[in-house]
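As stored in coords_25.cif (mmCIF, C-alpha atoms):
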```
data_work
loop_
_atom_site.label_atom_id
_atom_site.label_comp_id
_atom_site.auth_asym_id
_atom_site.auth_seq_id
_atom_site.Cartn_x
_atom_site.Cartn_y
_atom_site.Cartn_z
CA MET A 1 -149.41 -12.13 -5.67
CA SER A 2 -148.92 -11.01 -2.09
CA ASP A 3 -145.29 -10.23 -2.85
CA THR A 4 -146.13 -7.90 -5.74
CA PRO A 5 -147.13 -4.78 -3.75
CA ASN A 6 -144.06 -5.20 -1.59
CA TRP A 7 -141.86 -5.37 -4.65
CA GLU A 8 -143.43 -2.28 -6.18
CA ARG A 9 -143.04 -0.38 -2.92
CA GLN A 10 -139.35 -1.31 -2.73
CA LEU A 11 -138.82 -0.25 -6.33
CA LEU A 12 -140.52 3.09 -5.73
CA GLU A 13 -138.46 3.63 -2.61
CA LYS A 14 -135.26 2.93 -4.55
CA LEU A 15 -136.29 5.29 -7.32
CA ALA A 16 -137.18 7.99 -4.85
CA SER A 17 -133.89 7.49 -3.02
CA ALA A 18 -131.93 7.66 -6.29
CA SER A 19 -133.78 10.85 -7.24
CA LEU A 20 -132.94 12.43 -3.90
CA VAL A 21 -129.27 11.48 -4.30
CA GLU A 22 -129.22 12.98 -7.81
CA GLN A 23 -130.87 16.18 -6.59
CA ARG A 24 -128.37 16.41 -3.75
CA ARG A 25 -125.46 15.98 -6.19
CA SER A 26 -126.96 18.61 -8.52
CA ARG A 27 -127.21 21.08 -5.63
CA GLN A 28 -123.63 20.32 -4.62
CA TRP A 29 -122.37 21.02 -8.13
CA LYS A 30 -124.37 24.25 -8.30
CA ILE A 31 -122.86 25.33 -4.98
CA PHE A 32 -119.39 24.37 -6.24
CA PHE A 33 -119.70 26.41 -9.43
CA ARG A 34 -121.16 29.37 -7.55
CA LEU A 35 -118.25 29.27 -5.12
CA ALA A 36 -115.81 28.98 -8.03
CA TRP A 37 -117.29 32.10 -9.65
CA LEU A 38 -117.15 33.93 -6.35
CA VAL A 39 -113.45 33.02 -6.05
CA ILE A 40 -112.78 34.27 -9.59
CA ILE A 41 -114.68 37.51 -8.96
CA GLY A 42 -112.81 37.91 -5.67
CA MET A 43 -109.48 37.46 -7.45
CA ILE A 44 -110.46 40.06 -10.06
CA ALA A 45 -111.51 42.50 -7.35
CA ALA A 46 -108.32 41.82 -5.38
CA SER A 47 -106.22 42.39 -8.52
CA VAL A 48 -107.88 45.75 -9.18
CA PHE A 49 -107.63 46.74 -5.50
CA MET A 50 -103.96 45.75 -5.23
CA ARG A 51 -103.12 47.68 -8.37
CA GLY A 52 -104.88 50.71 -6.95
CA GLU A 53 -103.04 50.28 -3.66
CA GLU A 54 -99.72 50.07 -5.51
CA LYS A 55 -100.47 53.36 -7.28
CA SER A 56 -101.44 54.98 -3.97
CA ALA A 57 -98.37 53.60 -2.26
CA VAL A 58 -96.16 55.16 -4.91
CA GLY A 59 -97.59 58.55 -4.10
CA LEU A 60 -97.20 58.10 -0.36
CA ALA A 61 -93.77 56.52 -0.33
CA GLY A 62 -91.92 59.82 -0.31
CA GLY A 63 -88.77 60.67 -2.22
CA GLY A 64 -88.42 61.03 -5.96
CA HIS A 65 -88.49 58.38 -8.64
CA THR A 66 -88.38 57.99 -12.41
CA ALA A 67 -91.59 56.71 -13.94
CA VAL A 68 -91.08 54.06 -16.63
CA ILE A 69 -93.69 53.13 -19.26
CA GLU A 70 -93.12 50.34 -21.74
CA LEU A 71 -94.10 50.77 -25.39
CA ASP A 72 -93.62 47.25 -26.70
CA GLY A 73 -94.91 45.68 -29.90
CA ALA A 74 -97.19 46.95 -32.62
CA ILE A 75 -99.40 49.97 -31.91
CA THR A 76 -102.91 48.64 -32.57
CA SER A 77 -106.45 48.96 -31.26
CA GLU A 78 -106.52 45.21 -30.63
CA ASN A 79 -103.95 45.45 -27.84
CA GLU A 80 -105.28 48.86 -26.72
CA THR A 81 -101.86 50.49 -27.05
CA GLY A 82 -103.19 54.03 -27.19
CA LYS A 83 -105.55 53.64 -24.24
CA LYS A 84 -102.89 51.98 -22.07
CA MET A 85 -100.20 54.53 -22.96
CA ILE A 86 -102.44 57.52 -22.25
CA SER A 87 -103.59 56.05 -18.92
CA ALA A 88 -100.03 55.25 -17.88
CA LEU A 89 -98.77 58.71 -18.83
CA ASP A 90 -101.57 60.38 -16.88
CA HIS A 91 -100.80 58.34 -13.74
CA ALA A 92 -97.07 58.99 -14.04
CA PHE A 93 -97.35 62.76 -14.48
CA ARG A 94 -99.93 63.13 -11.70
CA ASP A 95 -97.79 61.34 -9.12
CA LYS A 96 -96.22 64.00 -6.88
CA ASN A 97 -93.00 61.95 -6.55
CA THR A 98 -92.35 61.63 -10.29
CA LYS A 99 -89.17 63.51 -11.21
CA GLY A 100 -89.12 62.38 -14.83
CA VAL A 101 -90.82 59.97 -17.22
CA ILE A 102 -89.11 57.45 -19.50
CA ILE A 103 -90.88 55.62 -22.33
CA ASP A 104 -89.01 52.34 -22.82
CA ALA A 105 -89.64 51.90 -26.55
CA ASN A 106 -89.36 48.78 -28.68
CA SER A 107 -91.98 48.96 -31.43
CA PRO A 108 -92.10 48.77 -35.25
CA GLY A 109 -95.01 51.21 -35.36
CA GLY A 110 -98.67 50.77 -36.22
CA SER A 111 -101.80 52.91 -36.32
CA PRO A 112 -101.25 56.57 -37.26
CA VAL A 113 -104.38 57.53 -35.31
CA LEU A 114 -103.24 55.92 -32.05
CA SER A 115 -99.70 57.23 -32.50
CA GLY A 116 -101.03 60.75 -33.02
CA MET A 117 -103.27 60.48 -29.95
CA VAL A 118 -100.36 59.48 -27.71
CA TYR A 119 -98.15 62.19 -29.26
CA ASP A 120 -100.79 64.85 -28.53
CA GLU A 121 -101.29 63.55 -24.98
CA ILE A 122 -97.56 63.79 -24.26
CA ARG A 123 -97.41 67.37 -25.49
CA LEU A 124 -100.47 68.28 -23.41
CA LEU A 125 -99.05 66.70 -20.25
CA LYS A 126 -95.70 68.42 -20.77
CA LYS A 127 -97.48 71.77 -20.84
CA LYS A 128 -99.43 70.98 -17.67
CA HIS A 129 -96.35 69.59 -15.89
CA ALA A 130 -93.51 71.68 -17.26
CA ASP A 131 -91.20 70.62 -14.42
CA ILE A 132 -91.36 66.92 -15.36
CA PRO A 133 -89.22 65.94 -18.38
CA LEU A 134 -90.11 63.03 -20.63
CA TYR A 135 -87.50 60.94 -22.41
CA VAL A 136 -87.67 58.01 -24.80
CA VAL A 137 -85.13 55.21 -24.54
CA VAL A 138 -84.96 52.92 -27.58
CA SER A 139 -83.83 49.36 -27.01
CA GLU A 140 -84.09 47.62 -30.39
CA VAL A 141 -86.60 49.37 -32.66
CA CYS A 142 -88.41 52.71 -32.65
CA ALA A 143 -89.78 52.99 -36.15
CA SER A 144 -92.68 54.71 -37.86
CA GLY A 145 -95.61 55.10 -35.41
CA CYS A 146 -93.27 54.52 -32.49
CA TYR A 147 -91.03 57.33 -33.71
CA TYR A 148 -94.14 59.50 -34.18
CA ILE A 149 -94.70 59.15 -30.42
CA ALA A 150 -91.00 59.52 -29.58
CA ALA A 151 -90.82 62.84 -31.43
CA ALA A 152 -92.88 64.41 -28.62
CA ALA A 153 -90.19 63.62 -26.03
CA ASP A 154 -87.68 66.11 -24.67
CA LYS A 155 -84.86 63.78 -25.72
CA ILE A 156 -84.46 60.39 -27.41
CA PHE A 157 -81.73 57.99 -26.30
CA VAL A 158 -80.65 54.96 -28.32
CA ASP A 159 -78.13 52.16 -28.51
CA LYS A 160 -75.65 52.34 -31.36
CA ALA A 161 -77.42 49.36 -32.99
CA SER A 162 -81.00 50.52 -32.38
CA ILE A 163 -83.17 50.94 -35.49
CA VAL A 164 -84.75 54.38 -35.74
CA GLY A 165 -86.81 56.26 -38.32
CA SER A 166 -89.15 54.95 -41.02
CA ILE A 167 -91.01 58.25 -41.27
CA GLY A 168 -93.47 57.11 -43.90
CA VAL A 169 -96.94 55.63 -44.41
CA LEU A 170 -98.17 52.57 -46.25
CA SER A 171 -101.44 50.96 -47.22
CA ASP A 172 -101.21 47.37 -48.38
CA GLY A 173 -103.64 44.92 -49.90
CA PHE A 174 -104.11 42.20 -52.50
CA GLY A 175 -105.80 41.84 -55.88
CA PHE A 176 -107.55 38.60 -56.82
CA THR A 177 -109.04 39.53 -60.18
CA GLY A 178 -106.60 37.38 -62.19
CA ALA A 179 -107.21 34.31 -60.07
CA MET A 180 -110.98 34.88 -60.20
CA GLU A 181 -110.88 35.06 -64.00
CA LYS A 182 -108.94 31.78 -64.24
CA LEU A 183 -111.40 30.07 -61.89
CA GLY A 184 -114.41 31.47 -63.71
CA ILE A 185 -115.62 33.49 -60.73
CA ASP A 186 -117.77 36.52 -61.53
CA ARG A 187 -117.74 39.45 -59.08
CA ARG A 188 -121.26 40.87 -58.64
CA LEU A 189 -120.69 43.88 -56.42
CA LYS A 190 -123.32 46.59 -56.11
CA THR A 191 -122.79 49.87 -54.25
CA ALA A 192 -124.66 53.05 -53.46
CA GLY A 193 -121.91 55.65 -53.75
CA GLU A 194 -119.27 55.55 -56.45
CA ASN A 195 -116.34 55.35 -54.01
CA LYS A 196 -117.86 52.88 -51.55
CA ALA A 197 -115.92 49.89 -52.93
CA MET A 198 -112.56 51.66 -52.89
CA GLY A 199 -109.83 49.16 -52.07
CA ASP A 200 -111.98 46.10 -52.83
CA PRO A 201 -109.46 43.30 -53.62
CA PHE A 202 -111.98 41.45 -55.82
CA SER A 203 -112.47 44.35 -58.23
CA PRO A 204 -110.03 45.51 -60.93
CA PRO A 205 -107.79 48.54 -60.21
CA ASN A 206 -109.53 51.87 -60.48
CA PRO A 207 -107.25 54.86 -61.32
CA LYS A 208 -109.59 57.30 -59.58
CA HIS A 209 -109.64 55.23 -56.39
CA ASP A 210 -105.87 54.78 -56.52
CA ALA A 211 -105.47 58.56 -56.70
CA ILE A 212 -107.78 59.07 -53.72
CA ARG A 213 -105.91 56.51 -51.65
CA GLN A 214 -102.57 58.06 -52.55
CA GLN A 215 -103.84 61.48 -51.49
CA LEU A 216 -104.94 60.03 -48.12
CA LEU A 217 -101.49 58.54 -47.62
CA ASP A 218 -99.81 61.81 -48.59
CA ASP A 219 -101.98 63.74 -46.13
CA ILE A 220 -101.20 61.35 -43.28
CA HIS A 221 -97.51 61.50 -44.20
CA ALA A 222 -97.62 65.29 -44.05
CA GLN A 223 -99.14 65.10 -40.56
CA PHE A 224 -96.37 62.69 -39.52
CA ILE A 225 -93.65 64.97 -40.91
CA GLN A 226 -95.15 68.01 -39.19
CA ALA A 227 -95.25 66.18 -35.84
CA VAL A 228 -91.59 65.17 -36.16
CA GLU A 229 -90.52 68.67 -37.15
CA ASN A 230 -92.49 70.22 -34.29
CA GLY A 231 -91.05 67.77 -31.80
CA ARG A 232 -87.44 67.69 -32.91
CA GLY A 233 -87.16 71.30 -34.10
CA PRO A 234 -83.76 72.57 -35.22
CA ARG A 235 -82.07 69.35 -34.10
CA LEU A 236 -83.15 67.71 -37.38
CA LYS A 237 -80.52 67.90 -40.09
CA LYS A 238 -81.40 68.44 -43.74
CA ASP A 239 -81.29 65.07 -45.45
CA PRO A 240 -83.18 64.05 -48.62
CA GLN A 241 -83.91 60.63 -47.10
CA MET A 242 -85.19 61.97 -43.78
CA PHE A 243 -88.91 61.55 -44.55
CA SER A 244 -88.63 58.82 -47.19
CA GLY A 245 -89.37 55.90 -44.88
CA MET A 246 -85.65 55.18 -44.49
CA VAL A 247 -84.36 53.69 -41.23
CA TRP A 248 -81.00 54.25 -39.56
CA LEU A 249 -78.96 52.63 -36.82
CA GLY A 250 -78.70 54.57 -33.59
CA GLU A 251 -75.14 55.70 -34.28
CA LYS A 252 -76.32 57.29 -37.56
CA ALA A 253 -79.55 58.66 -36.09
CA ILE A 254 -77.74 60.87 -33.56
CA PRO A 255 -75.83 63.06 -36.08
CA LEU A 256 -79.03 63.31 -38.17
CA GLY A 257 -80.88 64.75 -35.18
CA LEU A 258 -83.32 61.84 -34.95
CA ALA A 259 -81.85 60.96 -31.53
CA ASP A 260 -79.90 62.86 -28.89
CA GLY A 261 -77.44 60.38 -27.43
CA TYR A 262 -76.77 56.93 -26.07
CA GLY A 263 -78.49 55.64 -22.98
CA THR A 264 -80.47 52.93 -21.24
CA VAL A 265 -83.43 53.22 -18.89
CA ALA A 266 -81.11 52.83 -15.91
CA SER A 267 -78.51 55.33 -17.10
CA VAL A 268 -81.06 57.97 -18.11
CA ALA A 269 -82.89 57.64 -14.78
CA ARG A 270 -79.61 57.93 -12.88
CA ASP A 271 -77.66 60.47 -14.91
CA VAL A 272 -80.32 62.57 -16.69
CA VAL A 273 -83.41 62.52 -14.50
CA LYS A 274 -81.23 62.26 -11.35
CA ALA A 275 -83.72 59.85 -9.77
CA GLU A 276 -82.19 56.37 -9.89
CA LYS A 277 -85.21 54.66 -8.36
CA THR A 278 -87.64 53.59 -11.11
CA VAL A 279 -91.35 52.78 -10.84
CA ASP A 280 -93.13 50.89 -13.62
CA TYR A 281 -96.39 52.57 -14.67
CA THR A 282 -97.06 50.30 -17.66
CA GLN A 283 -100.76 49.45 -17.84
CA GLN A 284 -101.28 45.68 -17.88
CA ASP A 285 -104.36 43.71 -18.86
CA ASP A 286 -106.61 43.04 -15.88
CA PHE A 287 -107.24 39.49 -14.69
CA SER A 288 -110.54 39.09 -16.54
CA SER A 289 -108.99 40.24 -19.85
CA ARG A 290 -106.12 37.79 -19.48
CA VAL A 291 -108.54 34.94 -18.74
CA ALA A 292 -110.73 35.91 -21.70
CA ARG A 293 -107.77 35.94 -24.07
CA ARG A 294 -106.54 32.63 -22.67
CA ILE A 295 -109.81 30.87 -23.49
CA GLY A 296 -110.29 32.77 -26.71
CA VAL A 297 -113.31 34.79 -25.68
CA GLU A 298 -113.20 38.24 -27.22
CA PHE A 299 -115.78 40.53 -28.74
CA ALA A 300 -115.09 41.97 -32.17
CA GLY A 301 -114.78 45.73 -32.08
CA GLY A 302 -116.34 46.27 -35.49
CA VAL A 303 -115.47 45.27 -39.02
CA LYS A 304 -111.83 45.86 -39.92
CA SER A 305 -111.52 47.78 -43.16
CA LEU A 306 -109.67 46.29 -46.10
CA PHE A 307 -108.08 49.70 -46.47
CA ASP A 308 -105.75 49.35 -43.50
CA THR A 309 -103.38 52.30 -43.22
CA GLN A 310 -100.38 51.87 -40.95
CA LEU A 311 -97.21 53.69 -40.04
CA PHE A 312 -95.12 50.58 -40.69
#
```

Translate this structure into structure tokens?
Amino acid sequence: MSDTPNWERQLLEKLASASLVEQRRSRQWKIFFRLAWLVIIGMIAASVFMRGEEKSAVGLAGGGHTAVIELDGAITSENETGKKMISALDHAFRDKNTKGVIIDANSPGGSPVLSGMVYDEIRLLKKKHADIPLYVVVSEVCASGCYYIAAAADKIFVDKASIVGSIGVLSDGFGFTGAMEKLGIDRRLKTAGENKAMGDPFSPPNPKHDAIRQQLLDDIHAQFIQAVENGRGPRLKKDPQMFSGMVWLGEKAIPLGLADGYGTVASVARDVVKAEKTVDYTQQDDFSSRVARRIGVEFAGGVKSLFDTQLF
């Protein structure tokens, strides 16, 4: 019996020691994760600071340069094309050493709203900075919404095999009413407002809604045509297919007035802008956005409408 208290004391000491070790390890892990977050935050801050320093350095470097902005891929709100383009254009035009701006375009088009916003921004900046020309150089594709933007440029340069045009608007969707009928599925949709369910793929076609949608497309198309005519002016040739959604190769686009000549970013900077040195003003995702996309963490920016109108 005399050994029992001793044994209990030893057990309690061991338990207490183990608890202290566990607490120490827990504190160490907390410190580790806090340091890791500090490193990540520091990297984000350094990325933002370095980008700001690069912009400042451009302005202080002296001498003239050609500002280059990439327009690559679909024009959508998801990749913030409009926001990035407008920010890049603003930085490029405000830099005192910018002698000319080139949009390096390779895009099939996209949102008519974003395309129109960038188009309007270009025209506004050209008025404020009349001494700085803006050119578009097409590598592979400049169609639909991309051409909407390009129409605001002073000149458009292409390769003979570039694809240009597609001045049209579309709204696509699907209808599932036949499949629902075969599967015995009954659609029980209720709305407050007779046009609220316009474009619903689970409801049968509605002639009135189809007419409304067609009118919307026609109105957007008219805006697109007006923007191209305002931008290109008398250079556009009369052609019945001009605004039909047709596309042309670069060698055909030039005589139609959809483009002005052949050129690359390097040749236009050297021979047209007369400032061979180029500086890239393309707005990239910041470090935190890249990390978020990598791990799949994104916040939805609202419900995407089934009636998705695009300049594709």

Atom-to-atom span, CA of Ala67 (chain A) and CA of Leu256 (chain A), Å |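 Separating CA of Ala67 (chain A) from CA of Leu256 (chain A) is a distance of 28.1 Å.
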
Determine the residue set returned by the PyMOL selection byres ((chain A and resi 124-138) around 8) for the present structure, and present it as JSON, numbers by chain.
-> {"A": [90, 93, 98, 99, 100, 101, 102, 103, 104, 105, 106, 120, 121, 122, 123, 139, 140, 141, 142, 150, 153, 154, 155, 156, 157, 158, 159, 162, 263, 264, 265, 273]}

Using the chain letters and residue numbers of this document, give as an MDAnalysis selection string the residues selected by the PyMOL selection byres ((chain A and resi 244) around 12).
-> chainID A and resid 144 165:170 218 221:222 224:225 239:243 245:248

Counting all atoms listed in the file, the residue of A:Gly145, A:Asp271, A:Thr282, A:Ser87 that sits nearest Gly110 (chain A) |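 For Gly110 (chain A), the nearest of the candidates is A:Gly145.
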
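CA of Arg270 (chain A) lies 24.1 Å from CA of Cys146 (chain A).
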
Run the PyMOL selection byres ((chain A and resi 82) around 12) on the file and write out the hits as a ChimeraX atom specification.
-> /A:71-72,74-81,83-89,109-122,145-146,149,282-283

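One finds CA of Ser171 (chain A) at 11.6 Å from CA of Gln215 (chain A).
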
Got a sec: who's within 7 Å of Gly257 (chain A), counting only C-alpha atoms, leaving out chain neighbours fewer than 4 positions off, as a JSON list (two decimals) with C-alpha atoms, in the frame of the given file?
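Saved the output as part-v5.json:
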```json
[["chain", "number", "residue", "atom", "x", "y", "z"],
["A", 235, "ARG", "CA", -82.07, 69.35, -34.10],
["A", 236, "LEU", "CA", -83.15, 67.71, -37.38],
["A", 237, "LYS", "CA", -80.52, 67.90, -40.09],
["A", 253, "ALA", "CA", -79.55, 58.66, -36.09]]
```

Would you kindly return, as a list in words, each protein, DNA or RNA residue with an atom no farther than 10 Å from any atom of Asp210 (chain A), considering all atoms listed in the file and excluding same-chain residues fewer than 5 positions away?
-> Met198, Gly199, Pro205, Gln215 and Leu216 of chain A
